[in-house]
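Q: The following file, my_file25.cif, comprises mmCIF, C-alpha atoms and all ligand atoms:
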data_query
#
loop_
_atom_site.group_PDB
_atom_site.id
_atom_site.type_symbol
_atom_site.label_atom_id
_atom_site.label_comp_id
_atom_site.auth_asym_id
_atom_site.auth_seq_id
_atom_site.Cartn_x
_atom_site.Cartn_y
_atom_site.Cartn_z
ATOM 1 C CA MET A 1 37.981 -53.517 167.774
ATOM 2 C CA GLU A 2 36.940 -53.641 164.126
ATOM 3 C CA SER A 3 39.641 -55.168 161.948
ATOM 4 C CA PHE A 4 41.026 -53.029 159.147
ATOM 5 C CA HIS A 5 43.252 -53.722 156.216
ATOM 6 C CA ILE A 6 45.282 -51.297 154.131
ATOM 7 C CA ARG A 7 44.913 -51.010 150.372
ATOM 8 C CA GLN A 8 45.474 -48.464 147.606
ATOM 9 C CA ALA A 9 42.731 -45.865 147.172
ATOM 10 C CA MET A 10 40.460 -46.421 144.153
ATOM 11 C CA PRO A 11 37.968 -44.260 142.221
ATOM 12 C CA CYS A 12 35.046 -45.901 144.059
ATOM 13 C CA ASP A 13 36.425 -44.466 147.347
ATOM 14 C CA VAL A 14 35.920 -40.801 146.440
ATOM 15 C CA LYS A 15 32.634 -40.365 148.329
ATOM 16 C CA GLN A 16 33.981 -41.874 151.554
ATOM 17 C CA LEU A 17 37.306 -40.049 151.208
ATOM 18 C CA LEU A 18 35.516 -36.702 150.872
ATOM 19 C CA ASN A 19 33.467 -37.518 153.961
ATOM 20 C CA ILE A 20 36.706 -38.192 155.874
ATOM 21 C CA GLU A 21 38.211 -34.977 154.489
ATOM 22 C CA TYR A 22 35.257 -32.788 155.496
ATOM 23 C CA THR A 23 34.940 -34.450 158.895
ATOM 24 C CA CYS A 24 38.637 -34.224 159.790
ATOM 25 C CA PHE A 25 39.676 -30.845 158.358
ATOM 26 C CA SER A 26 38.072 -27.413 158.552
ATOM 27 C CA SER A 27 40.448 -25.738 156.084
ATOM 28 C CA ASP A 28 43.030 -26.658 153.422
ATOM 29 C CA ARG A 29 40.835 -29.537 152.296
ATOM 30 C CA ILE A 30 41.399 -31.644 149.201
ATOM 31 C CA SER A 31 38.697 -30.616 146.694
ATOM 32 C CA VAL A 32 36.360 -33.006 144.865
ATOM 33 C CA GLN A 33 38.309 -32.520 141.627
ATOM 34 C CA GLN A 34 41.675 -33.074 143.315
ATOM 35 C CA MET A 35 40.356 -36.192 145.046
ATOM 36 C CA GLN A 36 39.036 -37.636 141.763
ATOM 37 C CA TYR A 37 42.397 -36.984 140.127
ATOM 38 C CA LEU A 38 44.390 -38.436 143.024
ATOM 39 C CA VAL A 39 42.514 -41.748 143.060
ATOM 40 C CA SER A 40 42.573 -42.246 139.313
ATOM 41 C CA LYS A 41 45.350 -40.468 137.420
ATOM 42 C CA ALA A 42 48.051 -39.295 139.824
ATOM 43 C CA LYS A 43 51.246 -41.194 139.094
ATOM 44 C CA SER A 44 53.599 -39.708 141.684
ATOM 45 C CA SER A 45 51.528 -40.393 144.765
ATOM 46 C CA ILE A 46 50.892 -43.169 147.248
ATOM 47 C CA PHE A 47 47.316 -43.063 148.465
ATOM 48 C CA LEU A 48 46.475 -45.691 151.109
ATOM 49 C CA VAL A 49 43.134 -46.275 152.814
ATOM 50 C CA LEU A 50 42.067 -48.301 155.838
ATOM 51 C CA GLU A 51 39.033 -50.461 155.099
ATOM 52 C CA ASP A 52 36.949 -52.699 157.356
ATOM 53 C CA THR A 53 35.278 -55.961 156.375
ATOM 54 C CA ARG A 54 32.102 -54.089 155.344
ATOM 55 C CA LYS A 55 34.095 -51.823 153.008
ATOM 56 C CA ASN A 56 33.811 -48.774 155.255
ATOM 57 C CA LEU A 57 36.871 -46.538 155.313
ATOM 58 C CA ALA A 58 38.266 -45.272 158.630
ATOM 59 C CA GLY A 59 41.037 -43.071 157.280
ATOM 60 C CA TYR A 60 43.747 -42.499 154.753
ATOM 61 C CA VAL A 61 47.297 -41.336 154.189
ATOM 62 C CA LEU A 62 48.386 -39.534 151.026
ATOM 63 C CA ALA A 63 52.041 -39.070 150.112
ATOM 64 C CA PHE A 64 53.765 -37.592 147.097
ATOM 65 C CA ALA A 65 56.587 -39.788 145.908
ATOM 66 C CA PRO A 66 58.460 -38.171 143.012
ATOM 67 C CA LYS A 67 60.272 -40.196 140.365
ATOM 68 C CA ASN A 68 63.750 -39.149 141.523
ATOM 69 C CA LYS A 69 63.164 -41.147 144.757
ATOM 70 C CA VAL A 70 64.919 -38.641 146.988
ATOM 71 C CA THR A 71 62.278 -36.928 149.115
ATOM 72 C CA ALA A 72 58.740 -38.150 149.613
ATOM 73 C CA ARG A 73 56.201 -35.873 151.256
ATOM 74 C CA ILE A 74 53.206 -36.783 153.380
ATOM 75 C CA TYR A 75 50.475 -34.505 152.105
ATOM 76 C CA SER A 76 47.656 -35.618 154.372
ATOM 77 C CA LEU A 77 46.762 -38.101 157.096
ATOM 78 C CA ALA A 78 43.291 -38.463 158.597
ATOM 79 C CA ILE A 79 41.362 -40.909 160.754
ATOM 80 C CA LEU A 80 37.631 -40.467 161.441
ATOM 81 C CA PRO A 81 37.067 -39.306 165.044
ATOM 82 C CA GLN A 82 35.297 -42.513 166.151
ATOM 83 C CA PHE A 83 38.351 -44.583 165.198
ATOM 84 C CA ARG A 84 41.094 -42.419 166.722
ATOM 85 C CA GLY A 85 43.376 -43.548 169.531
ATOM 86 C CA GLN A 86 43.580 -47.145 168.242
ATOM 87 C CA HIS A 87 46.920 -46.689 166.494
ATOM 88 C CA LEU A 88 45.307 -46.746 163.065
ATOM 89 C CA ALA A 89 47.272 -43.688 161.916
ATOM 90 C CA SER A 90 50.431 -45.408 163.158
ATOM 91 C CA TYR A 91 49.454 -48.545 161.207
ATOM 92 C CA LEU A 92 49.052 -46.491 158.002
ATOM 93 C CA LEU A 93 52.335 -44.640 158.562
ATOM 94 C CA GLN A 94 54.195 -47.898 159.232
ATOM 95 C CA HIS A 95 52.875 -49.314 155.964
ATOM 96 C CA LEU A 96 53.752 -46.147 154.059
ATOM 97 C CA PHE A 97 57.336 -46.099 155.389
ATOM 98 C CA GLU A 98 57.803 -49.753 154.454
ATOM 99 C CA MET A 99 56.751 -48.842 150.893
ATOM 100 C CA LEU A 100 59.009 -45.771 150.780
ATOM 101 C CA ASN A 101 61.965 -47.774 152.105
ATOM 102 C CA GLN A 102 61.362 -50.528 149.554
ATOM 103 C CA LYS A 103 61.255 -47.953 146.763
ATOM 104 C CA GLY A 104 64.513 -46.420 147.991
ATOM 105 C CA TYR A 105 63.423 -42.949 149.149
ATOM 106 C CA GLN A 106 65.961 -41.150 151.334
ATOM 107 C CA TYR A 107 63.810 -38.626 153.183
ATOM 108 C CA CYS A 108 60.205 -37.958 154.037
ATOM 109 C CA HIS A 109 58.869 -34.465 154.758
ATOM 110 C CA LEU A 110 55.553 -33.206 156.040
ATOM 111 C CA GLU A 111 53.922 -30.082 157.430
ATOM 112 C CA VAL A 112 51.921 -30.014 160.634
ATOM 113 C CA ARG A 113 50.075 -27.230 162.455
ATOM 114 C CA GLU A 114 52.210 -25.417 165.001
ATOM 115 C CA SER A 115 49.482 -25.827 167.664
ATOM 116 C CA ASP A 116 48.940 -29.550 167.011
ATOM 117 C CA GLU A 117 51.399 -31.012 169.493
ATOM 118 C CA LYS A 118 49.662 -34.401 169.649
ATOM 119 C CA THR A 119 50.111 -35.007 165.946
ATOM 120 C CA GLN A 120 53.695 -33.723 166.124
ATOM 121 C CA LYS A 121 54.325 -36.325 168.863
ATOM 122 C CA LEU A 122 52.880 -39.034 166.644
ATOM 123 C CA TYR A 123 55.323 -38.075 163.891
ATOM 124 C CA GLN A 124 58.211 -37.852 166.371
ATOM 125 C CA LYS A 125 57.560 -41.492 167.264
ATOM 126 C CA PHE A 126 58.428 -42.295 163.654
ATOM 127 C CA GLY A 127 61.667 -40.304 163.876
ATOM 128 C CA PHE A 128 60.491 -36.984 162.411
ATOM 129 C CA VAL A 129 62.228 -33.855 163.689
ATOM 130 C CA GLN A 130 61.272 -30.206 163.259
ATOM 131 C CA MET A 131 63.191 -28.566 160.419
ATOM 132 C CA LYS A 132 61.676 -25.183 159.755
ATOM 133 C CA LYS A 133 58.740 -23.046 160.837
ATOM 134 C CA LEU A 134 56.607 -21.975 157.845
ATOM 135 C CA LEU A 135 54.805 -18.725 158.610
ATOM 136 C CA ASN A 136 51.103 -18.359 157.670
ATOM 137 C CA TYR A 137 51.259 -21.725 155.952
ATOM 138 C CA TYR A 138 47.589 -22.659 156.304
ATOM 139 C CA GLU A 139 44.555 -20.939 154.733
ATOM 140 C CA ASP A 140 43.470 -19.746 158.183
ATOM 141 C CA GLY A 141 46.893 -18.147 158.784
ATOM 142 C CA GLU A 142 48.301 -20.683 161.243
ATOM 143 C CA HIS A 143 52.021 -21.423 161.059
ATOM 144 C CA ALA A 144 53.319 -24.917 160.283
ATOM 145 C CA TRP A 145 56.326 -26.947 161.277
ATOM 146 C CA ARG A 146 58.049 -28.701 158.426
ATOM 147 C CA MET A 147 59.263 -32.033 159.807
ATOM 148 C CA ARG A 148 61.640 -34.520 158.244
ATOM 149 C CA VAL A 149 62.759 -38.087 158.771
ATOM 150 C CA VAL A 150 65.756 -39.825 157.233
ATOM 151 C CA LEU A 151 64.544 -43.148 155.840
ATOM 152 C CA LYS A 152 66.435 -46.402 156.313
ATOM 153 C CA SER A 153 67.479 -47.170 152.752
HETATM 154 C C1 LIG B 201 46.292 -37.149 163.729
HETATM 155 C C2 LIG B 201 45.417 -38.388 163.568
HETATM 156 C C3 LIG B 201 45.519 -38.900 162.131
HETATM 157 C C4 LIG B 201 45.889 -39.468 164.550
HETATM 158 O O1 LIG B 201 45.118 -40.650 164.328
HETATM 159 P P1 LIG B 201 45.063 -41.847 165.410
HETATM 160 O O2 LIG B 201 44.697 -43.095 164.666
HETATM 161 O O3 LIG B 201 44.233 -41.470 166.553
HETATM 162 O O4 LIG B 201 46.572 -41.906 165.862
HETATM 163 P P2 LIG B 201 47.249 -43.125 166.628
HETATM 164 O O5 LIG B 201 46.225 -43.858 167.426
HETATM 165 O O6 LIG B 201 48.065 -43.915 165.661
HETATM 166 O O7 LIG B 201 48.194 -42.285 167.587
HETATM 167 C C5 LIG B 201 49.456 -42.686 167.902
HETATM 168 C C6 LIG B 201 49.893 -41.985 169.165
HETATM 169 O O8 LIG B 201 49.713 -40.570 169.127
HETATM 170 C C7 LIG B 201 48.724 -40.178 170.085
HETATM 171 N N1 LIG B 201 47.813 -39.274 169.389
HETATM 172 C C8 LIG B 201 47.872 -38.934 168.098
HETATM 173 N N2 LIG B 201 46.913 -38.049 167.783
HETATM 174 C C9 LIG B 201 46.231 -37.837 168.899
HETATM 175 C C10 LIG B 201 45.112 -37.043 169.209
HETATM 176 N N3 LIG B 201 44.513 -36.236 168.294
HETATM 177 N N4 LIG B 201 44.629 -37.085 170.479
HETATM 178 C C11 LIG B 201 45.231 -37.891 171.395
HETATM 179 N N5 LIG B 201 46.297 -38.649 171.162
HETATM 180 C C12 LIG B 201 46.787 -38.630 169.926
HETATM 181 C C13 LIG B 201 48.037 -41.444 170.502
HETATM 182 O O9 LIG B 201 47.624 -41.361 171.837
HETATM 183 C C14 LIG B 201 49.115 -42.459 170.354
HETATM 184 O O10 LIG B 201 50.003 -42.431 171.434
HETATM 185 P P3 LIG B 201 50.497 -43.798 172.118
HETATM 186 O O11 LIG B 201 51.272 -44.542 171.043
HETATM 187 O O12 LIG B 201 51.372 -43.335 173.235
HETATM 188 O O13 LIG B 201 49.260 -44.510 172.548
HETATM 189 C C15 LIG B 201 43.926 -38.061 163.886
HETATM 190 O O14 LIG B 201 43.862 -37.475 165.167
HETATM 191 C C16 LIG B 201 43.263 -37.131 162.865
HETATM 192 O O15 LIG B 201 42.755 -37.567 161.841
HETATM 193 N N6 LIG B 201 43.244 -35.819 163.166
HETATM 194 C C17 LIG B 201 42.598 -34.835 162.270
HETATM 195 C C18 LIG B 201 43.354 -34.649 160.968
HETATM 196 C C19 LIG B 201 44.772 -34.214 161.204
HETATM 197 O O16 LIG B 201 45.043 -33.289 161.960
HETATM 198 N N7 LIG B 201 45.729 -34.873 160.518
HETATM 199 C C20 LIG B 201 47.149 -34.593 160.632
HETATM 200 C C21 LIG B 201 47.559 -33.664 159.564
HETATM 201 S S1 LIG B 201 49.303 -33.274 159.736
#
Can you give me the file's structure in the form of structure tokens?

A:
Amino acid sequence: MESFHIRQAMPCDVKQLLNIEYTCFSSDRISVQQMQYLVSKAKSSIFLVLEDTRKNLAGYVLAFAPKNKVTARIYSLAILPQFRGQHLASYLLQHLFEMLNQKGYQYCHLEVRESDEKTQKLYQKFGFVQMKKLLNYYEDGEHAWRMRVVLKS
């Protein structure tokens, strides 16, 4: 297996991040403008990428982490199809939760498609539980589950 390390996203990652976005999602995608903003100017976010030794990115996790340090929110998580099933998403999530715990956040929320039971199971492994069903949450009309975990701090 290729070895990956985790680092903060940077402006030079935009092209690869958009490729991941368009490959992994068919709706509710982060736009080019949003992506450029998120990797350069966004102050209340944690944007982590997985990079191999040849500087290719396999995936990312993006979380909003507001100044009040109460509730962080995972906005997006994606791993390119050829790298799935190797616990890379779990590796990113583990790293993110270590950062959130260090910073003192109390909760983490996220939304996940109602039909996507595999991803819900992945989040359950990290302690997330279903909180609320959000009707017609996605652009294509699918409902979402809002999930929440209580962080350790
Ligand atoms: C969801 C996603 C990020 C998971 O990435 P991944 O690196 O394959 O996940 P992991 O390998 O860390 O999975 C951890 C566990 O969940 C299971 N799992 C998670 N997603 C799965 C999937 N799509 N298919 C099969 N198993 C999956 C794994 O088998 C593994 O279980 P195990 O610990 O018992 O072996 C990836 O499938 C993806 O990018 N999907 C498209 C984008 C998306 O839907 N993102 C989520 C938005 S809420």

Q: Using all atoms listed in the file, which of A:Ile30, A:Val150, A:Ile46, A:Ile20 sits nearest ligand LIG 201 (chain B)?

A: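 Counting all atoms listed in the file, the residue closest to ligand LIG 201 (chain B) is A:Ile20.
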
Q: Which residues of chain A come within 10 Å of ligand LIG 201 (chain B), and what is each one's closest atom pair and distance in Å (one decimal), counting only C-alpha atoms and all ligand atoms, sorted by chain and residue number, as a tab-separated table?

A:
residue	atom	partner	partner_atom	distance
A:Ile20	CA	B:LIG201	O15	8.5
A:Glu21	CA	B:LIG201	C18	8.3
A:Tyr22	CA	B:LIG201	C18	9.9
A:Thr23	CA	B:LIG201	C17	8.4
A:Cys24	CA	B:LIG201	C17	4.7
A:Phe25	CA	B:LIG201	C18	5.9
A:Ser26	CA	B:LIG201	C18	9.3
A:Ala58	CA	B:LIG201	O2	9.1
A:Gly59	CA	B:LIG201	O15	7.4
A:Tyr60	CA	B:LIG201	C3	8.4
A:Val61	CA	B:LIG201	C3	8.5
A:Ile74	CA	B:LIG201	S1	8.2
A:Tyr75	CA	B:LIG201	S1	7.8
A:Ser76	CA	B:LIG201	C21	5.5
A:Leu77	CA	B:LIG201	N7	4.8
A:Ala78	CA	B:LIG201	O15	3.4
A:Ile79	CA	B:LIG201	O15	3.8
A:Leu80	CA	B:LIG201	O15	5.9
A:Pro81	CA	B:LIG201	O15	6.8
A:Gln82	CA	B:LIG201	O3	9.0
A:Phe83	CA	B:LIG201	O2	6.5
A:Arg84	CA	B:LIG201	O3	3.3
A:Gly85	CA	B:LIG201	O5	3.6
A:Gln86	CA	B:LIG201	O5	4.3
A:His87	CA	B:LIG201	O5	3.1
A:Leu88	CA	B:LIG201	O2	4.0
A:Ala89	CA	B:LIG201	O2	3.8
A:Ser90	CA	B:LIG201	O6	3.8
A:Tyr91	CA	B:LIG201	O6	6.6
A:Leu92	CA	B:LIG201	O6	8.1
A:Leu93	CA	B:LIG201	O6	8.3
A:Gln94	CA	B:LIG201	O6	9.7
A:Leu110	CA	B:LIG201	S1	7.3
A:Glu111	CA	B:LIG201	S1	6.1
A:Val112	CA	B:LIG201	S1	4.3
A:Arg113	CA	B:LIG201	S1	6.7
A:Glu114	CA	B:LIG201	S1	9.9
A:Asp116	CA	B:LIG201	O16	7.4
A:Glu117	CA	B:LIG201	N2	8.5
A:Lys118	CA	B:LIG201	C9	4.9
A:Thr119	CA	B:LIG201	N2	4.8
A:Gln120	CA	B:LIG201	S1	7.8
A:Lys121	CA	B:LIG201	O8	6.3
A:Leu122	CA	B:LIG201	O8	4.3
A:Tyr123	CA	B:LIG201	O8	8.1
A:Gln124	CA	B:LIG201	O8	9.3
A:Lys125	CA	B:LIG201	C6	7.9
A:Phe126	CA	B:LIG201	C5	9.9
A:Ala144	CA	B:LIG201	S1	9.3
A:Trp145	CA	B:LIG201	S1	9.6
A:Arg146	CA	B:LIG201	S1	10.0

Q: Can you translate the PyMOL selection byres (((chain A and resi 105) around 8) and not hetatm) into the concrete residues it hits in this file, as a ChimeraX atom specification?

A: /A:69-72,100-104,106-108,151,153

Q: Using all atoms listed in the file, which of the listed residues (A:Asn56, A:Ser45, A:Ser3, A:Ser27) sits closest to A:Lys15?

A: A:Asn56

Q: Applying the PyMOL selection byres (((chain A and resi 129) around 8) and not hetatm) to the file I just gave you, which residues come out? Please list them as a PyMOL selection string.

A: chain A and resi 124+127-128+130-131+147-149

Q: Please report the interatomic distance between atom CA of A:Asp52 and atom CA of A:Gln16 in Å with one decimal.

A: 12.6 Å

Q: Measure the distance from atom CA of A:Lys43 to atom CA of A:Asp28 in Å and round it to one decimal.

A: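 Value for the atom CA of A:Lys43-atom CA of A:Asp28 distance: 22.0 Å.
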
Q: Looking at all atoms listed in the file, which of A:Asp140, A:Glu2, A:Gln8, A:Leu57 is the one that sits closest to A:Leu96?

A: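 Of all the options, A:Gln8 lies closest to A:Leu96.
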
Q: Please enclose the listed atoms of stretch 65-80 of chain A in an axis-aligned box, pad each side by 4 Å, and write out the centre and the three edge lengths in Å, rounded to one decimal, as JSON.

A:
{"center_x": 51.3, "center_y": -37.8, "center_z": 150.9, "size_x": 35.3, "size_y": 14.6, "size_z": 29.1}

Q: Residue by residue, what does the PyMOL selection byres (((chain A and resi 39) around 8) and not hetatm) grab here? Present the result as a ChimeraX atom specification.

A: /A:9-11,13-14,35-38,40-42,47

Q: If I take atom CA of A:Glu51 and atom CA of A:Phe64, how far is one from the other in Å, to one decimal?

A: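 Computing the Euclidean distance for atom CA of A:Glu51 and atom CA of A:Phe64 yields 21.1 Å.
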
Q: Select, from A:Leu135, A:Gln34, A:Glu98, A:His109, the residue with the minimum atom-to-atom distance to A:Lys152, counting all atoms listed in the file.

A: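 Closest residue, counting all atoms listed in the file: A:Glu98.
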